[in-house]
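Worksheet: one structure, shown below.
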Amino acid sequence: MKRIITIARQYGSMGSEIGQKLSELTGIPVYDREALVSIAQEHGIPRETFEKADEQATSSFLYSLAMSNYSGSVIHFGTHDDILTDRVFNIQSAEIKKIAEAGDCLIIGRCADDVLAGVEGLLRVYIYASIEKRVENYKNRFPGSDDNSARKAIQKADKKRASYYNFYTGKNWGDPHNFDLMVDSGRFGVEGSARLIASSLEIIRYNTF
């Protein structure tokens with residue numbers, strides 16, 4: 001059975017660092033946003049276009065609807081195939097599927113848990129931490145930041161990630177029903193979280209329930 005892991009994470013929860021450490025522990029190649037930007041460039045989409053698509057997506061009126069209290073299902077992009085965000089997301093999703101078909105992989109962000117839903121061997125992970133811990137992590141990453149600016153940056157980034165995820169998947173970002181494993185990185189740390197995920201992966205591979 002292939003080992004396929006997706007990691008969704010709160011901003012400041014060290015999710016990317018955990019993914020890198022997990023890759024070191026398991027030998028599973030990791031694909032993050034930067035890797036997918038490179039893939040998009042191979043399809044003729046310049047880096048600045050990719051970044052513009054992300055910005056348009058998370059600031060659009062449609063995404064505001066996705067973040068609202070609307071109780072119905074959220075419709076995916078696709079009505080207008082010429083929309084920049086739609087084309088970028090479709091290319092990303094197709095490449096994520098190709099990566100998973102080719103072998104073991106660890107994909108960070110980009111709604112990969114939903115894109116790969118139903119794939120055999122998939123372990124969907126969500127990394128979170130207390131706001132206090134995330135503020136601490138942010139200040140360590142950006143020396144000179146105070147608690148207030150750190151909180152604002154974290155809240156803004158979380159809202160963008162949630163709106164992106166909610167719109168494209170029609171699900172709620174951070175809902176435990178969408179994931180197999182929820183990891184508090186503030187409790188376990190980067191290496192401990194990576195080892196916990198690796199152990200969970202082995203349980204899935206070698207046990208039947």
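Following the order of the structure tokens, first chain is A, next is B, and so on, with residues numbered from 1 inside each chain and ligands from 1 in the order they appear.
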
Filtered DSSP result for stretch 23-55 of chain A, state alpha helix (DSSP H), as a CSV table (one decimal) with N, CA and C atoms, in the first residue's frame:
```csv
chain,number,residue,atom,x,y,z
A,23,SER,N,9.0,14.0,6.5
A,23,SER,CA,9.6,13.5,5.3
A,23,SER,C,11.0,12.9,5.6
A,24,GLU,N,11.7,13.6,6.5
A,24,GLU,CA,13.1,13.1,6.9
A,24,GLU,C,13.0,11.8,7.6
A,25,LEU,N,11.9,11.6,8.4
A,25,LEU,CA,11.8,10.4,9.2
A,25,LEU,C,11.4,9.2,8.4
A,26,THR,N,10.5,9.4,7.4
A,26,THR,CA,9.9,8.4,6.6
A,26,THR,C,10.5,8.2,5.2
A,33,ARG,N,3.6,24.3,-1.1
A,33,ARG,CA,3.2,25.3,-2.1
A,33,ARG,C,4.3,25.6,-3.1
A,34,GLU,N,5.5,25.7,-2.6
A,34,GLU,CA,6.6,26.0,-3.5
A,34,GLU,C,6.8,25.0,-4.6
A,35,ALA,N,6.6,23.7,-4.3
A,35,ALA,CA,6.7,22.6,-5.3
A,35,ALA,C,5.6,22.7,-6.3
A,36,LEU,N,4.4,23.1,-5.8
A,36,LEU,CA,3.3,23.2,-6.7
A,36,LEU,C,3.4,24.4,-7.6
A,37,VAL,N,4.0,25.5,-7.1
A,37,VAL,CA,4.2,26.7,-7.9
A,37,VAL,C,5.2,26.3,-9.1
A,38,SER,N,6.2,25.5,-8.8
A,38,SER,CA,7.1,25.0,-9.8
A,38,SER,C,6.4,24.2,-10.9
A,39,ILE,N,5.4,23.3,-10.4
A,39,ILE,CA,4.7,22.5,-11.3
A,39,ILE,C,3.8,23.4,-12.2
A,40,ALA,N,3.2,24.4,-11.6
A,40,ALA,CA,2.4,25.4,-12.4
A,40,ALA,C,3.2,26.1,-13.4
A,41,GLN,N,4.4,26.4,-13.1
A,41,GLN,CA,5.3,27.1,-14.0
A,41,GLN,C,5.6,26.2,-15.2
A,42,GLU,N,5.7,24.9,-15.0
A,42,GLU,CA,5.9,23.9,-16.1
A,42,GLU,C,4.8,23.9,-17.0
A,47,ARG,N,5.0,32.4,-11.8
A,47,ARG,CA,4.9,32.5,-10.4
A,47,ARG,C,3.9,33.6,-10.0
A,48,GLU,N,4.1,34.7,-10.6
A,48,GLU,CA,3.3,35.9,-10.2
A,48,GLU,C,1.8,35.6,-10.5
A,49,THR,N,1.5,34.9,-11.6
A,49,THR,CA,0.2,34.5,-11.9
A,49,THR,C,-0.4,33.6,-10.9
A,50,PHE,N,0.4,32.6,-10.5
A,50,PHE,CA,-0.1,31.7,-9.4
A,50,PHE,C,-0.4,32.4,-8.1
A,51,GLU,N,0.5,33.4,-7.8
A,51,GLU,CA,0.3,34.1,-6.5
A,51,GLU,C,-0.9,35.0,-6.6
A,52,LYS,N,-1.1,35.6,-7.8
A,52,LYS,CA,-2.3,36.5,-8.1
A,52,LYS,C,-3.6,35.7,-8.0
A,53,ALA,N,-3.5,34.5,-8.5
A,53,ALA,CA,-4.7,33.6,-8.4
A,53,ALA,C,-5.1,33.3,-7.0
A,54,ASP,N,-4.1,33.0,-6.1
A,54,ASP,CA,-4.4,32.8,-4.7
A,54,ASP,C,-5.0,34.0,-4.1
A,55,GLU,N,-4.4,35.2,-4.4
A,55,GLU,CA,-4.9,36.4,-3.8
A,55,GLU,C,-6.3,36.7,-4.2
```

>> Which residues are near stretch 187-193 of chain A? Cut-off 9 Å, only C-alpha atoms, ignore same chain within fewer than 5 positions. Put them as a list in words.
In response: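 Once the adjacent positions are removed, what remains is Met14, Gly15, Glu17, Ile18, Gly19, Lys21, Leu22, Ile127, Ala129 and Ala198 of chain A.
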
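Using only C-alpha atoms for every distance, the candidate list A:Arg161, A:Arg195, A:Lys152, A:Lys97 yields A:Lys97 as the residue closest to A:Leu122.
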
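Ranking A:Glu136, A:Pro46, A:Val115, A:Ile108 by their shortest atom-to-atom distance to A:Ser93, with only C-alpha atoms included, puts A:Val115 first.
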
Checklist entry - Quick one: residues within 12 Å of A:Gly118, only C-alpha atoms counted, chain neighbours fewer than 6 positions away excluded, as a list in words? => result Ile4, Lys97, Ala100, Ala112, Arg124 and Asn178 of chain A

From A:Leu116, A:Met182, A:Leu123, A:Ile107, residue lying nearest A:Met1 [only C-alpha atoms] =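 Using only C-alpha atoms, A:Met1 sits closest to A:Leu123.
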
- Message: Give me, as a list in words, all polymer residues having an atom no more than 8 Å from stretch 137-140 of chain A, counting only C-alpha atoms and skipping those fewer than 5 positions away in the same chain.
- Response: Gly12, Ser13, Met14, Ser145, Asp146, Asp147 and Ala150 of chain A

Deliver the residues from the most recent selection as a file, using C-alpha atoms, as a CSV table (one decimal), in the first residue's frame.
```csv
chain,number,residue,atom,x,y,z
A,12,GLY,CA,1.8,29.4,13.0
A,13,SER,CA,1.2,25.8,14.1
A,14,MET,CA,4.5,24.7,12.5
A,145,SER,CA,6.8,41.4,16.3
A,146,ASP,CA,4.5,42.1,19.3
A,147,ASP,CA,1.6,40.0,20.5
A,150,ALA,CA,1.2,38.5,15.6
```

For A:Ser200, the closest of A:Tyr128, A:Gln10, A:Lys98, A:Gly121 counting only C-alpha atoms is A:Gly121

* To do: List every residue of stretch 10-208 of chain A that DSSP, applied to the backbone, labels as strand (DSSP E), and write the result as a PyMOL selection string.
  => chain A and resi 30-31+105-108+122-128+181-184
